[in-house]
Structure formats: structure tokens, C-alpha cells
>>> print(open('protein06.cif').read())   # mmCIF, C-alpha atoms
data_protein
loop_
_atom_site.label_atom_id
_atom_site.label_comp_id
_atom_site.auth_asym_id
_atom_site.auth_seq_id
_atom_site.Cartn_x
_atom_site.Cartn_y
_atom_site.Cartn_z
CA MET F 1 -6.07 -6.40 -52.20
CA THR F 2 -3.70 -3.57 -52.69
CA ASP F 3 -0.07 -3.70 -51.62
CA ASN F 4 -0.75 -1.18 -48.80
CA LYS F 5 -3.54 -3.31 -47.36
CA VAL F 6 -1.38 -6.43 -47.54
CA ARG F 7 1.50 -4.55 -45.90
CA ARG F 8 -0.81 -3.22 -43.14
CA LEU F 9 -2.26 -6.67 -42.52
CA SER F 10 1.19 -8.24 -42.33
CA ILE F 11 2.40 -5.50 -39.92
CA GLN F 12 -0.69 -5.99 -37.75
CA SER F 13 -0.20 -9.75 -37.81
CA PHE F 14 3.47 -9.33 -36.90
CA ALA F 15 2.55 -6.96 -34.02
CA GLN F 16 -0.06 -9.38 -32.70
CA LYS F 17 2.41 -12.28 -32.82
CA THR F 18 5.04 -10.16 -31.09
CA VAL F 19 2.62 -9.19 -28.32
CA ARG F 20 1.60 -12.84 -27.91
CA ILE F 21 5.25 -13.93 -27.68
CA MET F 22 5.97 -11.17 -25.14
CA LEU F 23 2.98 -12.23 -23.00
CA ILE F 24 4.04 -15.87 -23.12
CA THR F 25 7.62 -14.93 -22.22
CA PHE F 26 6.41 -12.73 -19.36
CA SER F 27 4.14 -15.53 -18.09
CA ILE F 28 7.02 -18.02 -18.17
CA LEU F 29 9.32 -15.60 -16.32
CA LEU F 30 6.62 -14.91 -13.73
CA ALA F 31 6.05 -18.64 -13.22
CA CYS F 32 9.81 -19.19 -12.79
CA LEU F 33 9.97 -16.35 -10.28
CA LEU F 34 7.09 -17.82 -8.28
CA ILE F 35 8.75 -21.23 -8.29
CA LEU F 36 12.03 -19.66 -7.15
CA VAL F 37 10.28 -17.82 -4.30
CA GLY F 38 8.61 -21.09 -3.26
CA VAL F 39 11.92 -22.97 -3.27
CA LEU F 40 13.58 -20.20 -1.25
CA GLN F 41 10.73 -20.31 1.26
CA LEU F 42 11.24 -24.05 1.68
CA TRP F 43 15.00 -23.65 2.13
CA SER F 44 14.85 -20.55 4.30
CA PRO F 45 15.43 -21.12 7.96
CA GLY F 46 12.13 -20.82 9.75
CA LYS F 47 11.98 -21.38 13.45
CA PRO F 48 15.32 -22.65 14.77
CA THR F 49 15.31 -26.06 16.39
CA PRO F 50 15.60 -25.92 20.17
CA PHE F 51 18.37 -27.59 22.10
CA VAL F 52 17.04 -30.68 23.86
CA ASP F 53 18.27 -32.96 26.62
CA GLU F 54 18.57 -36.77 26.42
CA ASN F 55 14.79 -37.08 27.03
CA GLY F 56 13.94 -34.75 24.13
CA SER F 57 12.82 -31.94 26.45
CA PRO F 58 13.99 -28.37 25.78
CA LEU F 59 17.34 -27.78 27.49
CA VAL F 60 16.83 -25.60 30.58
CA GLY F 61 18.59 -22.24 30.19
CA SER F 62 19.11 -22.63 26.45
CA ILE F 63 18.00 -20.18 23.80
CA SER F 64 17.11 -20.83 20.17
CA GLU F 65 15.14 -18.10 18.48
CA LYS F 66 14.71 -16.04 15.34
CA ILE F 67 13.97 -12.37 15.91
CA HIS F 68 13.61 -9.16 13.95
CA VAL F 69 14.71 -5.83 15.39
CA ASN F 70 14.70 -2.29 14.06
CA ILE F 71 18.30 -1.26 13.52
CA ASN F 72 18.75 2.30 12.27
CA ASN F 73 15.23 2.34 10.79
CA VAL F 74 15.53 -1.00 8.96
CA GLU F 75 14.03 -4.29 10.19
CA GLN F 76 16.90 -6.75 10.49
CA GLY F 77 16.81 -10.39 11.47
CA MET F 78 18.99 -12.58 13.58
CA PHE F 79 19.12 -16.07 14.98
CA ILE F 80 20.20 -16.39 18.61
CA LYS F 81 21.36 -19.81 19.79
CA SER F 82 23.08 -21.10 22.92
CA LYS F 83 22.93 -24.16 25.12
CA ASP F 84 23.33 -21.76 28.05
CA ALA F 85 22.07 -18.20 27.57
CA THR F 86 24.39 -16.97 30.34
CA HIS F 87 27.45 -17.67 28.14
CA PRO F 88 29.26 -14.69 26.57
CA VAL F 89 27.68 -13.25 23.45
CA LEU F 90 29.42 -13.88 20.12
CA LEU F 91 28.16 -11.71 17.27
CA HIS F 92 28.67 -13.44 13.92
CA LEU F 93 29.20 -10.98 11.06
CA HIS F 94 28.97 -12.57 7.64
CA GLY F 95 31.00 -11.42 4.68
CA GLY F 96 28.07 -10.54 2.43
CA MET F 97 26.17 -13.82 2.37
CA PRO F 98 24.37 -14.99 5.51
CA GLU F 99 25.84 -18.23 6.80
CA TYR F 100 23.38 -19.36 9.47
CA PHE F 101 21.79 -21.84 7.10
CA LEU F 102 25.18 -23.56 6.76
CA SER F 103 25.33 -24.15 10.50
CA GLN F 104 22.33 -26.46 10.16
CA GLN F 105 24.23 -28.78 7.83
CA TYR F 106 27.70 -28.11 9.28
CA PRO F 107 27.35 -27.35 13.01
CA THR F 108 30.04 -25.11 14.47
CA GLY F 109 29.70 -26.17 18.10
CA LEU F 110 30.00 -22.51 19.08
CA GLU F 111 26.63 -22.69 20.84
CA ASP F 112 28.26 -24.93 23.46
CA TYR F 113 30.50 -22.08 24.64
CA PHE F 114 28.81 -18.86 23.52
CA THR F 115 25.43 -17.27 22.95
CA VAL F 116 25.83 -16.96 19.19
CA VAL F 117 23.97 -14.20 17.38
CA TRP F 118 23.84 -14.95 13.66
CA TRP F 119 22.95 -11.45 12.44
CA GLU F 120 21.79 -11.22 8.84
CA GLN F 121 22.88 -7.72 8.04
CA ARG F 122 20.99 -4.97 6.21
CA GLY F 123 19.86 -6.11 2.79
CA SER F 124 20.75 -9.79 3.15
CA GLY F 125 18.95 -12.98 4.13
CA ILE F 126 15.99 -12.40 6.43
CA SER F 127 17.03 -8.72 6.65
CA TYR F 128 16.38 -8.18 2.96
CA GLY F 129 13.75 -5.61 2.09
CA ALA F 130 12.98 -4.11 -1.29
CA ASN F 131 12.23 -0.84 0.47
CA ILE F 132 15.78 -0.40 1.84
CA PRO F 133 17.15 2.75 0.20
CA PRO F 134 20.16 1.80 -1.95
CA GLU F 135 22.04 4.88 -0.75
CA THR F 136 22.10 3.37 2.76
CA MET F 137 24.16 0.40 1.59
CA THR F 138 27.48 1.95 2.57
CA LEU F 139 30.40 0.92 4.74
CA GLU F 140 29.57 3.75 7.15
CA GLN F 141 25.98 2.50 7.49
CA MET F 142 27.15 -1.08 8.04
CA ILE F 143 29.48 0.12 10.81
CA SER F 144 26.65 2.14 12.36
CA ASP F 145 24.33 -0.90 12.20
CA THR F 146 27.00 -3.08 13.81
CA LEU F 147 27.47 -0.62 16.67
CA GLU F 148 23.69 -0.47 17.19
CA VAL F 149 23.41 -4.28 17.25
CA THR F 150 26.38 -4.53 19.62
CA ASN F 151 24.80 -2.02 22.00
CA ARG F 152 21.51 -3.94 21.98
CA LEU F 153 23.28 -7.25 22.67
CA HIS F 154 25.19 -5.85 25.61
CA TRP F 155 22.60 -7.17 28.07
CA LYS F 156 25.02 -8.64 30.60
#
>>> encode(input="protein06.cif", output="C-alpha cells")
Amino acid sequence: MTDNKVRRLSIQSFAQKTVRIMLITFSILLACLLILVGVLQLWSPGKPTPFVDENGSPLVGSISEKIHVNINNVEQGMFIKSKDATHPVLLHLHGGMPEYFLSQQYPTGLEDYFTVVWWEQRGSGISYGANIPPETMTLEQMISDTLEVTNRLHWK
């Protein structure tokens, strides 16, 4: 074989190995991503547990639900919990990371005195959406969303 043929064969061999390594790396990353999504699904709060009386029956007048509403053209989720839905509404605004999931492990007791709305704001938690335009992630938009949510919660 000539030097050119050897060089071409070694370049082709190198390219094939590189492509194989890239495919294996991509497959591993994809598998890790799927595992991560599965773990997040298991940890994510699904349907909130209802408040029950001493007999295990749902507490009359209580509320415990997960809802999605359209706020300024973006589907946003919230958990609404109260032992008495006639109590004043308390809107919980998180500081960037939704905190409802923490209330499962570390109860606040706020639901005894308020109808607590754990709103997971635009782009976070159950309000995350890959289709949310990045240019809407502004302080002005967050204020507008908060005013919209507040107006919707003013049912009393």
C-alpha cells in the first residue's frame, strides 16, 4: 500500500471511531436524561393529599387541589390547600424555586388558618414550559402575572 492509502485508511478509521464514540456518548447522555426525568416524575407532587377527619373521611369544607390556569397566555400551576376553604386566601410567592414540595416534609400549619395558594410561577415547577418565550421572563412580567393571579383569587 502507498502512504496515501494508509493515511486515508487511518483517517477513515479515526473518523469511524470518533462517530462511534459520539454515538455512545449521546446514548449515555440520553439515558441519563430519561432517568432524571423519571426520578423527577416520582418526586414531583402529583395530586395533593386531602385533609381528613379522625375517621379518615375527607374533611368537610376543606380544599386540597392542584390546578393549572392560563395566566397572561402561559399555563401556570398552583396547589390550593385549606382545612376550611372559607378562610382568607394567602398567596405564597416563592423566591425562584417552588417550595410546595417542602411543605409535604415540613408542614407549615398555614392551612389551619388560611386557604394557601402555592403558586409555581412562570417557568418554574409545574409551571415550566419549554415554549415560554425567554423574553417574557422579566420582573415586569412577573409583576403582571402576580396581579393576574391575585385578581383571579379574589373570589370572596
>>> resolve_selection(input="protein06.cif", expression="the PyMOL selection byres ((chain F and resi 88-90) around 6)", output="list of chain:residue names")
F:His87, F:Leu91, F:Phe114, F:Thr115, F:Val116
>>> axis_aligned_box(input="protein06.cif", around="segment 101-113 of chain F", padding_each_side="6 Å", output="AutoDock Vina command-line options")
--center_x 26.1 --center_y -25.3 --center_z 15.7 --size_x 20.7 --size_y 18.9 --size_z 29.9
>>> closest_residue(input="protein06.cif", among="F:Thr146, F:Gln76, F:Thr86, F:Thr108", to="Ile132 of chain F", atoms="all atoms listed in the file")
F:Gln76
>>> closest_residue(input="protein06.cif", among="F:Ile126, F:Lys17, F:Asp53, F:Met142", to="Gly95 of chain F", atoms="all atoms listed in the file")
F:Met142
>>> resolve_selection(input="protein06.cif", expression="the PyMOL selection byres ((chain F and resi 62-69) around 8)", output="list in words")
Gly46, Lys47, Pro48, Thr49, Pro50, Phe51, Pro58, Leu59, Val60, Gly61, Asn70, Ile71, Glu75, Gln76, Gly77, Met78, Phe79, Ile80, Lys81, Ser82, Lys83, Asp84 and Ala85 of chain F
>>> atom_distance(input="protein06.cif", atom1="atom CA of Gln104 of chain F", atom2="atom CA of Leu153 of chain F")
22.9 Å
>>> atom_distance(input="protein06.cif", atom1="atom CA of Ile11 of chain F", atom2="atom CA of Phe26 of chain F")
22.2 Å
>>> closest_residue(input="protein06.cif", among="F:Ile24, F:Ala15, F:Val52, F:Leu93", to="Ser124 of chain F", atoms="only C-alpha atoms")
F:Leu93
>>> atom_distance(input="protein06.cif", atom1="atom CA of Val149 of chain F", atom2="atom CA of Arg122 of chain F")
11.3 Å
>>> closest_residue(input="protein06.cif", among="F:Ala31, F:Gln121, F:His154, F:Leu110", to="Leu139 of chain F", atoms="all atoms listed in the file")
F:Gln121
